[in-house]
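For reference, the structure is listed below as structure tokens.
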Amino acid sequence: MGEYTMEYYLGEKIKKLRREKNWSQKDLASKINKSVSTISGYESDAHPVPFDVLVTIAQLVGVSLDELVGLGTSESLSLDGLTEPQIQLMRKLRKEFLNPTSRGNDFGYNKMSILHDLLKLFYD
């Protein structure tokens, strides 16, 4: 995080993740039931982001809460050289395994669909 305080870093991180999803502030506001001015306040560090909102944002953008607030060190893979469909699929895969839609030992439909697409995109 360098010389940034967590609050500064957090607002920038939220903005970066929102933009990566190609969402406007209005889009994110709608998804978390907040006003656009509230989202603007979070991103400009005008006021702190409540814990429940942090959890919701992390889930929506497919990152862990630790990663969102900069507490965890995540192992990352470079997406350099991948096509846009491959990048989107890798994000979808990561999100599914961080926040699984099915439980237990069996792969649910979502995981099987992602694995099918993964194999098709990378090995065709």
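Simple scheme: letters A, B, ... for chains in structure tokens order, numbers from 1 for residues in each chain, numbers from 1 for ligands in the order shown.
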Hey, could you make a per-residue contact list for segment 42-85 of chain A against segment 14-28 of chain A with 9 Å as the cut-off, showing the nearest pair of atoms and its distance in Å to one decimal, counting only C-alpha atoms, sorted by chain and number, as a tab-separated table?
residue	atom	partner	partner_atom	distance
A:Tyr42	CA	A:Ile14	CA	7.9
A:Glu43	CA	A:Lys15	CA	5.7
A:Ser44	CA	A:Lys15	CA	8.8
A:Ile57	CA	A:Ile14	CA	8.0
A:Ala58	CA	A:Ile14	CA	9.0
A:Val61	CA	A:Leu17	CA	6.6
A:Leu68	CA	A:Ile14	CA	7.7
Find the residues around Asp117 of chain A up to 8 Å (only C-alpha atoms counted), leave out those fewer than 4 positions away in its own chain, and share them as a PyMOL selection string. chain A and resi 89+113+121
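Each of A:Lys31, A:Lys120, A:His47, A:Lys111 was compared to Gln86 of chain A using only C-alpha atoms, and A:Lys120 turns out to be the nearest.
Distance annotation: of A:Ile39, A:Leu115, A:Val49, A:Leu54, the residue with the minimal separation from Met90 of chain A is A:Leu115; atom set is only C-alpha atoms.
Here atom CA of Gly108 of chain A is placed at a distance of 14.2 Å from atom CA of Lys95 of chain A.
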Please measure the separation of atom CA of Leu119 of chain A and atom CA of Glu67 of chain A, giving the value in Å to one decimal. 27.3 Å
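Note that the spacing between atom CA of Pro48 of chain A and atom CA of Tyr9 of chain A amounts to 11.7 Å.
Shortest atom-to-atom contact with Ala46 of chain A among A:His116, A:Leu10, A:Tyr109, A:Lys92: A:Leu10, counting only C-alpha atoms.
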Please provide the set of residues having any atom within 8 Å of Ala29 of chain A, restricted to only C-alpha atoms, with same-chain residues fewer than 6 positions apart removed, written as a ChimeraX atom specification. /A:35-36,38-39
